Each structure stands twice: as structure tokens, then as C-alpha cells.
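*Asks:* This is the content of upload-v3.cif (mmCIF, N, CA and C atoms):
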data_input
#
loop_
_atom_site.label_atom_id
_atom_site.label_comp_id
_atom_site.auth_asym_id
_atom_site.auth_seq_id
_atom_site.Cartn_x
_atom_site.Cartn_y
_atom_site.Cartn_z
N MET A 1 81.03 114.18 -32.24
CA MET A 1 79.62 114.08 -31.96
C MET A 1 78.98 112.90 -32.71
N VAL A 2 79.49 112.59 -33.86
CA VAL A 2 78.88 111.53 -34.66
C VAL A 2 79.46 110.16 -34.34
N VAL A 3 80.72 110.09 -33.94
CA VAL A 3 81.35 108.79 -33.69
C VAL A 3 81.73 108.62 -32.22
N VAL A 4 82.52 109.54 -31.69
CA VAL A 4 83.08 109.38 -30.34
C VAL A 4 81.98 109.39 -29.28
N GLY A 5 81.05 110.35 -29.37
CA GLY A 5 79.95 110.41 -28.40
C GLY A 5 79.14 109.13 -28.36
N PRO A 6 78.64 108.66 -29.51
CA PRO A 6 77.88 107.42 -29.50
C PRO A 6 78.65 106.21 -28.97
N VAL A 7 79.94 106.12 -29.29
CA VAL A 7 80.72 104.98 -28.79
C VAL A 7 80.74 104.98 -27.27
N PHE A 8 81.12 106.10 -26.66
CA PHE A 8 81.20 106.15 -25.20
C PHE A 8 79.82 106.02 -24.55
N GLU A 9 78.82 106.70 -25.10
CA GLU A 9 77.49 106.63 -24.51
C GLU A 9 76.89 105.24 -24.62
N GLU A 10 77.06 104.59 -25.75
CA GLU A 10 76.52 103.24 -25.91
C GLU A 10 77.25 102.24 -25.02
N LEU A 11 78.56 102.37 -24.91
CA LEU A 11 79.30 101.48 -24.01
C LEU A 11 78.82 101.63 -22.57
N LEU A 12 78.57 102.86 -22.15
CA LEU A 12 78.13 103.10 -20.77
C LEU A 12 76.67 102.74 -20.57
N PHE A 13 75.78 103.36 -21.36
CA PHE A 13 74.35 103.23 -21.09
C PHE A 13 73.74 101.92 -21.59
N ARG A 14 74.00 101.53 -22.82
CA ARG A 14 73.43 100.29 -23.35
C ARG A 14 74.37 99.12 -23.19
N GLY A 15 75.60 99.36 -22.80
CA GLY A 15 76.54 98.28 -22.54
C GLY A 15 76.55 97.93 -21.07
N ALA A 16 77.30 98.69 -20.30
CA ALA A 16 77.51 98.38 -18.88
C ALA A 16 76.23 98.48 -18.04
N MET A 17 75.54 99.63 -18.14
CA MET A 17 74.37 99.82 -17.27
C MET A 17 73.23 98.87 -17.60
N LEU A 18 72.91 98.74 -18.87
CA LEU A 18 71.82 97.84 -19.26
C LEU A 18 72.12 96.41 -18.84
N SER A 19 73.34 95.96 -19.09
CA SER A 19 73.71 94.59 -18.73
C SER A 19 73.61 94.36 -17.23
N ALA A 20 74.10 95.32 -16.45
CA ALA A 20 74.06 95.16 -15.00
C ALA A 20 72.63 95.15 -14.47
N LEU A 21 71.80 96.03 -14.98
CA LEU A 21 70.41 96.11 -14.51
C LEU A 21 69.56 94.95 -14.99
N LEU A 22 69.86 94.42 -16.16
CA LEU A 22 69.10 93.28 -16.68
C LEU A 22 69.17 92.08 -15.75
N ARG A 23 70.33 91.87 -15.17
CA ARG A 23 70.52 90.69 -14.31
C ARG A 23 69.59 90.70 -13.10
N GLY A 24 69.32 91.86 -12.55
CA GLY A 24 68.52 91.89 -11.33
C GLY A 24 67.13 92.49 -11.47
N TRP A 25 66.86 93.25 -12.52
CA TRP A 25 65.62 94.01 -12.57
C TRP A 25 64.75 93.74 -13.78
N GLY A 26 65.25 93.12 -14.81
CA GLY A 26 64.44 92.88 -16.00
C GLY A 26 64.57 94.00 -17.01
N ILE A 27 63.98 93.80 -18.17
CA ILE A 27 64.20 94.70 -19.29
C ILE A 27 63.62 96.09 -19.08
N TRP A 28 62.47 96.23 -18.44
CA TRP A 28 61.85 97.56 -18.37
C TRP A 28 62.63 98.50 -17.46
N VAL A 29 63.08 98.04 -16.34
CA VAL A 29 63.93 98.88 -15.47
C VAL A 29 65.29 99.08 -16.13
N ALA A 30 65.81 98.02 -16.71
CA ALA A 30 67.13 98.09 -17.37
C ALA A 30 67.11 99.04 -18.56
N ALA A 31 65.97 99.19 -19.22
CA ALA A 31 65.85 100.13 -20.34
C ALA A 31 65.56 101.54 -19.84
N ALA A 32 64.72 101.66 -18.81
CA ALA A 32 64.28 102.98 -18.35
C ALA A 32 65.36 103.76 -17.61
N VAL A 33 66.04 103.14 -16.68
CA VAL A 33 67.00 103.86 -15.83
C VAL A 33 68.15 104.47 -16.64
N PRO A 34 68.85 103.70 -17.46
CA PRO A 34 69.92 104.32 -18.26
C PRO A 34 69.40 105.37 -19.23
N SER A 35 68.18 105.16 -19.74
CA SER A 35 67.61 106.12 -20.69
C SER A 35 67.30 107.45 -20.03
N ILE A 36 66.77 107.41 -18.82
CA ILE A 36 66.50 108.64 -18.07
C ILE A 36 67.81 109.35 -17.76
N LEU A 37 68.81 108.61 -17.32
CA LEU A 37 70.12 109.22 -17.05
C LEU A 37 70.74 109.79 -18.32
N TRP A 38 70.57 109.09 -19.44
CA TRP A 38 71.08 109.56 -20.73
C TRP A 38 70.39 110.86 -21.11
N GLY A 39 69.09 110.92 -20.89
CA GLY A 39 68.36 112.16 -21.15
C GLY A 39 68.85 113.30 -20.27
N LEU A 40 69.11 113.00 -19.01
CA LEU A 40 69.55 114.04 -18.07
C LEU A 40 70.93 114.61 -18.40
N ILE A 41 71.81 113.83 -19.02
CA ILE A 41 73.11 114.40 -19.37
C ILE A 41 72.99 115.34 -20.57
N HIS A 42 71.82 115.33 -21.22
CA HIS A 42 71.56 116.24 -22.34
C HIS A 42 70.63 117.39 -21.91
N ILE A 43 70.59 117.68 -20.63
CA ILE A 43 69.63 118.63 -20.06
C ILE A 43 69.77 120.05 -20.60
N GLY A 44 70.89 120.37 -21.22
CA GLY A 44 71.10 121.71 -21.76
C GLY A 44 70.29 121.99 -23.01
N TYR A 45 69.70 120.96 -23.61
CA TYR A 45 68.89 121.13 -24.81
C TYR A 45 67.46 121.52 -24.44
N GLU A 46 66.67 121.79 -25.44
CA GLU A 46 65.25 122.08 -25.24
C GLU A 46 64.57 120.89 -24.58
N PRO A 47 63.55 121.13 -23.72
CA PRO A 47 62.88 120.02 -23.03
C PRO A 47 62.32 118.94 -23.97
N TRP A 48 61.75 119.33 -25.10
CA TRP A 48 61.21 118.35 -26.04
C TRP A 48 62.31 117.46 -26.60
N PHE A 49 63.52 118.05 -26.75
CA PHE A 49 64.64 117.29 -27.30
C PHE A 49 65.17 116.32 -26.25
N VAL A 50 65.20 116.73 -24.99
CA VAL A 50 65.62 115.84 -23.90
C VAL A 50 64.65 114.67 -23.78
N ALA A 51 63.35 114.96 -23.90
CA ALA A 51 62.34 113.89 -23.86
C ALA A 51 62.53 112.93 -25.04
N SER A 52 62.84 113.48 -26.20
CA SER A 52 63.08 112.66 -27.38
C SER A 52 64.32 111.78 -27.20
N ILE A 53 65.36 112.34 -26.63
CA ILE A 53 66.59 111.58 -26.36
C ILE A 53 66.30 110.45 -25.36
N THR A 54 65.53 110.76 -24.33
CA THR A 54 65.18 109.74 -23.33
C THR A 54 64.37 108.61 -23.97
N GLY A 55 63.39 108.97 -24.78
CA GLY A 55 62.58 107.97 -25.46
C GLY A 55 63.39 107.13 -26.42
N SER A 56 64.30 107.78 -27.15
CA SER A 56 65.13 107.01 -28.08
C SER A 56 66.07 106.09 -27.31
N GLY A 57 66.44 106.48 -26.09
CA GLY A 57 67.26 105.61 -25.25
C GLY A 57 66.55 104.31 -24.91
N VAL A 58 65.26 104.40 -24.64
CA VAL A 58 64.47 103.19 -24.36
C VAL A 58 64.43 102.30 -25.60
N ILE A 59 64.20 102.92 -26.75
CA ILE A 59 64.15 102.16 -28.00
C ILE A 59 65.51 101.50 -28.28
N LEU A 60 66.60 102.26 -28.11
CA LEU A 60 67.93 101.69 -28.33
C LEU A 60 68.23 100.56 -27.35
N ALA A 61 67.75 100.69 -26.11
CA ALA A 61 67.97 99.64 -25.11
C ALA A 61 67.24 98.36 -25.52
N ILE A 62 66.01 98.49 -25.99
CA ILE A 62 65.26 97.31 -26.41
C ILE A 62 65.90 96.68 -27.64
N ILE A 63 66.37 97.53 -28.56
CA ILE A 63 67.08 97.00 -29.74
C ILE A 63 68.34 96.27 -29.31
N ARG A 64 69.06 96.81 -28.35
CA ARG A 64 70.27 96.16 -27.83
C ARG A 64 69.93 94.81 -27.23
N TRP A 65 68.87 94.78 -26.44
CA TRP A 65 68.43 93.55 -25.77
C TRP A 65 67.98 92.51 -26.78
N LYS A 66 67.16 92.91 -27.74
CA LYS A 66 66.63 91.97 -28.74
C LYS A 66 67.72 91.47 -29.69
N SER A 67 68.61 92.35 -30.11
CA SER A 67 69.65 91.96 -31.07
C SER A 67 70.80 91.23 -30.42
N GLY A 68 71.01 91.47 -29.13
CA GLY A 68 72.14 90.87 -28.43
C GLY A 68 73.47 91.51 -28.80
N SER A 69 73.42 92.61 -29.52
CA SER A 69 74.63 93.27 -30.00
C SER A 69 74.61 94.75 -29.65
N LEU A 70 75.75 95.26 -29.28
CA LEU A 70 75.88 96.69 -29.03
C LEU A 70 76.10 97.47 -30.33
N TYR A 71 76.49 96.77 -31.38
CA TYR A 71 76.76 97.44 -32.65
C TYR A 71 75.51 98.05 -33.29
N VAL A 72 74.38 97.39 -33.15
CA VAL A 72 73.15 97.88 -33.78
C VAL A 72 72.73 99.22 -33.17
N PRO A 73 72.56 99.33 -31.84
CA PRO A 73 72.20 100.65 -31.30
C PRO A 73 73.31 101.68 -31.49
N LEU A 74 74.55 101.25 -31.48
CA LEU A 74 75.65 102.19 -31.71
C LEU A 74 75.56 102.82 -33.10
N CYS A 75 75.31 102.01 -34.10
CA CYS A 75 75.18 102.53 -35.47
C CYS A 75 73.96 103.42 -35.61
N LEU A 76 72.85 103.04 -34.99
CA LEU A 76 71.65 103.87 -35.04
C LEU A 76 71.87 105.20 -34.33
N HIS A 77 72.55 105.18 -33.20
CA HIS A 77 72.87 106.39 -32.45
C HIS A 77 73.75 107.31 -33.29
N ALA A 78 74.79 106.75 -33.88
CA ALA A 78 75.69 107.54 -34.72
C ALA A 78 74.95 108.12 -35.92
N ALA A 79 74.07 107.33 -36.54
CA ALA A 79 73.30 107.82 -37.69
C ALA A 79 72.37 108.96 -37.26
N GLY A 80 71.74 108.82 -36.11
CA GLY A 80 70.88 109.89 -35.60
C GLY A 80 71.66 111.17 -35.37
N ASN A 81 72.83 111.05 -34.76
CA ASN A 81 73.67 112.22 -34.54
C ASN A 81 74.12 112.84 -35.86
N LEU A 82 74.40 112.01 -36.85
CA LEU A 82 74.79 112.52 -38.17
C LEU A 82 73.65 113.31 -38.80
N PHE A 83 72.44 112.78 -38.73
CA PHE A 83 71.30 113.48 -39.31
C PHE A 83 71.06 114.82 -38.62
N VAL A 84 71.17 114.85 -37.29
CA VAL A 84 71.00 116.11 -36.56
C VAL A 84 72.10 117.09 -36.94
N THR A 85 73.32 116.60 -37.07
CA THR A 85 74.45 117.46 -37.43
C THR A 85 74.30 118.04 -38.83
N LEU A 86 73.76 117.26 -39.75
CA LEU A 86 73.63 117.71 -41.14
C LEU A 86 72.37 118.54 -41.39
N ASP A 87 71.43 118.55 -40.47
CA ASP A 87 70.18 119.29 -40.66
C ASP A 87 70.40 120.77 -40.38
N PRO A 88 70.34 121.63 -41.39
CA PRO A 88 70.60 123.07 -41.19
C PRO A 88 69.64 123.71 -40.22
N TYR A 89 68.40 123.20 -40.10
CA TYR A 89 67.44 123.79 -39.17
C TYR A 89 67.96 123.73 -37.73
N THR A 90 68.60 122.61 -37.35
CA THR A 90 69.07 122.47 -35.97
C THR A 90 70.20 123.45 -35.66
N TRP A 91 70.90 123.92 -36.69
CA TRP A 91 71.96 124.89 -36.44
C TRP A 91 71.37 126.19 -35.90
N PHE A 92 70.17 126.52 -36.36
CA PHE A 92 69.54 127.77 -35.93
C PHE A 92 68.63 127.59 -34.74
N ALA A 93 68.21 126.35 -34.50
CA ALA A 93 67.30 126.09 -33.39
C ALA A 93 68.04 125.89 -32.08
N GLY A 94 69.36 125.80 -32.13
CA GLY A 94 70.15 125.67 -30.91
C GLY A 94 70.18 124.27 -30.33
N THR A 95 69.90 123.24 -31.13
CA THR A 95 69.91 121.88 -30.60
C THR A 95 71.23 121.17 -30.85
N VAL A 96 72.16 121.81 -31.56
CA VAL A 96 73.46 121.18 -31.79
C VAL A 96 74.48 121.90 -30.94
#
In C-alpha cells, write the structure found in this file.

*Replies:*
Amino acid sequence: MVVVGPVFEELLFRGAMLSALLRGWGIWVAAAVPSILWGLIHIGYEPWFVASITGSGVILAIIRWKSGSLYVPLCLHAAGNLFVTLDPYTWFAGTV
């Protein structure tokens, strides 16, 4: 959850999808579409958490675009997952 998930998700959503959409649609569509899809694959969580994931996807996409590197959003994604994993409250709230 902390390493493997972020690697595959970042390669797909902020790597392949963002790059492909940027060429024809610009940054806002390229950031929004993969982020919405990323949120939808987490649909089993609470609605507020899915919305948060979708919003963070837009932020990670813009960071990817601005930095020109997939490593920056990948590390941020992994760090976010680590914090959620280590937070005892989320164990009881059903978000992990």
C-alpha cells in the first residue's frame, strides 16, 4: 500500500494518462480525467475520502506537470499512504 500501489498508480495516472492527454487537451483536462478515474477506483471508501483522493490527484498531476518528473508525485503519494497507514484513527474509521 505504501510503495507498490503508488508506483503502479503514478505510472498509470500521472505517467501514461497525463502524458497522453496533455498532448491533445491541455493541463486541466489532463489533470482532471485521470484524477476522477483515480478517485473512482477508490470508490469503496467513504465519499469524503474519495473526493479527497480525487482532489489530491489533481494536485499530484499539476506537480507532475510543473516538476517534469514522476518521482515527485510518486514520493508524495507514497508519503500520504504511509501517513494514512500509520494513523491509528483510520484503522477504526474503515479508511484503510

*Asks:* Between A:Val84, A:Cys75, A:Ala61, A:Leu70, which one has atoms that come closest to Gly26 of chain A, using only C-alpha atoms?

*Replies:*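 Closest candidate: A:Ala61.
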
*Asks:* Report, in Å to a single decimal, how far apart atom C of His77 of chain A and atom CA of Pro6 of chain A are.

*Replies:* 5.6 Å

*Asks:* Name the residues captured by the PyMOL selection byres ((chain A and resi 18) around 8) when it is applied to the shown file; answer as number ranges by chain.

*Replies:* A: 11-17, 19-23, 29-31, 33-34, 61

*Asks:* For the file shown, report as a count of residues only the outcome of the PyMOL selection byres (((chain A and resi 47-58 and name CA) around 9) and name CA) at residue level.

*Replies:* 26

*Asks:* Quick one: distance from atom N of Ala78 of chain A to atom N of Trp65 of chain A in Å, one decimal?

*Replies:*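 Separating atom N of Ala78 of chain A from atom N of Trp65 of chain A is a distance of 15.3 Å.
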
*Asks:* What is the distance between atom CA of Gly68 of chain A and atom CA of Trp25 of chain A, in Å to one decimal?

*Replies:*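 Atom CA of Gly68 of chain A sits 17.4 Å away from atom CA of Trp25 of chain A.
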
*Asks:* To verify the selection step, state as a ChimeraX atom specification which residues the PyMOL selection byres ((chain A and resi 2) around 7) yields on this input.

*Replies:* /A:1,3-7,77-79,81-82

*Asks:* If you run DSSP on the backbone, which residues of chain A are helix (DSSP H, G or I), as a PyMOL selection string?

*Replies:* chain A and resi 4-25+27-40+47-67+71-86+88-93

*Asks:* Can you complete the atoms of segment 64-75 of chain A to all heavy atoms and list them as a short mmCIF file (atom, residue, chain, number, x, y, z; two decimals), keeping the file's coordinate frame?

*Replies:*
data_model
loop_
_atom_site.label_atom_id
_atom_site.label_comp_id
_atom_site.auth_asym_id
_atom_site.auth_seq_id
_atom_site.Cartn_x
_atom_site.Cartn_y
_atom_site.Cartn_z
N ARG A 64 69.06 96.81 -28.35
CA ARG A 64 70.27 96.16 -27.83
C ARG A 64 69.93 94.81 -27.23
O ARG A 64 70.59 93.80 -27.46
CB ARG A 64 70.94 97.09 -26.81
CG ARG A 64 71.88 96.45 -25.80
CD ARG A 64 73.15 95.92 -26.45
NE ARG A 64 74.11 95.56 -25.45
CZ ARG A 64 74.17 94.35 -24.88
NH1 ARG A 64 73.32 93.42 -25.18
NH2 ARG A 64 75.10 94.09 -23.99
N TRP A 65 68.87 94.78 -26.44
CA TRP A 65 68.43 93.55 -25.77
C TRP A 65 67.98 92.51 -26.78
O TRP A 65 68.38 91.34 -26.71
CB TRP A 65 67.31 93.91 -24.80
CG TRP A 65 66.67 92.78 -24.09
CD1 TRP A 65 67.27 91.88 -23.25
CD2 TRP A 65 65.30 92.42 -24.14
NE1 TRP A 65 66.34 91.00 -22.77
CE2 TRP A 65 65.11 91.32 -23.29
CE3 TRP A 65 64.19 92.95 -24.79
CZ2 TRP A 65 63.87 90.72 -23.09
CZ3 TRP A 65 62.96 92.36 -24.59
CH2 TRP A 65 62.81 91.25 -23.76
N LYS A 66 67.16 92.91 -27.74
CA LYS A 66 66.63 91.97 -28.74
C LYS A 66 67.72 91.47 -29.69
O LYS A 66 67.72 90.30 -30.06
CB LYS A 66 65.52 92.63 -29.56
CG LYS A 66 64.23 92.79 -28.81
CD LYS A 66 63.57 91.46 -28.67
CE LYS A 66 62.11 91.60 -28.37
NZ LYS A 66 61.44 90.32 -28.33
N SER A 67 68.61 92.35 -30.11
CA SER A 67 69.65 91.96 -31.07
C SER A 67 70.80 91.23 -30.42
O SER A 67 71.51 90.47 -31.08
CB SER A 67 70.19 93.19 -31.81
OG SER A 67 70.97 94.00 -30.96
N GLY A 68 71.01 91.47 -29.13
CA GLY A 68 72.14 90.87 -28.43
C GLY A 68 73.47 91.51 -28.80
O GLY A 68 74.52 91.00 -28.45
N SER A 69 73.42 92.61 -29.52
CA SER A 69 74.63 93.27 -30.00
C SER A 69 74.61 94.75 -29.65
O SER A 69 73.58 95.40 -29.76
CB SER A 69 74.74 93.12 -31.52
OG SER A 69 75.80 93.90 -32.02
N LEU A 70 75.75 95.26 -29.28
CA LEU A 70 75.88 96.69 -29.03
C LEU A 70 76.10 97.47 -30.33
O LEU A 70 75.89 98.67 -30.39
CB LEU A 70 77.04 96.94 -28.05
CG LEU A 70 77.12 98.30 -27.39
CD1 LEU A 70 75.85 98.63 -26.63
CD2 LEU A 70 78.30 98.33 -26.44
N TYR A 71 76.49 96.77 -31.38
CA TYR A 71 76.76 97.44 -32.65
C TYR A 71 75.51 98.05 -33.29
O TYR A 71 75.58 99.11 -33.90
CB TYR A 71 77.42 96.47 -33.65
CG TYR A 71 78.81 96.07 -33.25
CD1 TYR A 71 79.10 94.77 -32.89
CD2 TYR A 71 79.83 97.02 -33.22
CE1 TYR A 71 80.38 94.40 -32.51
CE2 TYR A 71 81.11 96.66 -32.84
CZ TYR A 71 81.38 95.35 -32.49
OH TYR A 71 82.65 95.00 -32.11
N VAL A 72 74.38 97.39 -33.15
CA VAL A 72 73.15 97.88 -33.78
C VAL A 72 72.73 99.22 -33.17
O VAL A 72 72.57 100.21 -33.90
CB VAL A 72 72.02 96.83 -33.71
CG1 VAL A 72 70.75 97.37 -34.34
CG2 VAL A 72 72.46 95.53 -34.37
N PRO A 73 72.56 99.33 -31.84
CA PRO A 73 72.20 100.65 -31.30
C PRO A 73 73.31 101.68 -31.49
O PRO A 73 73.02 102.87 -31.67
CB PRO A 73 71.92 100.37 -29.82
CG PRO A 73 72.56 99.08 -29.52
CD PRO A 73 72.58 98.30 -30.80
N LEU A 74 74.55 101.25 -31.48
CA LEU A 74 75.65 102.19 -31.71
C LEU A 74 75.56 102.82 -33.10
O LEU A 74 75.69 104.03 -33.26
CB LEU A 74 76.99 101.48 -31.53
CG LEU A 74 78.18 102.40 -31.41
CD1 LEU A 74 79.22 101.80 -30.49
CD2 LEU A 74 78.81 102.69 -32.74
N CYS A 75 75.31 102.01 -34.10
CA CYS A 75 75.18 102.53 -35.47
C CYS A 75 73.96 103.42 -35.61
O CYS A 75 74.01 104.47 -36.28
CB CYS A 75 75.12 101.38 -36.47
SG CYS A 75 76.70 100.52 -36.65
#
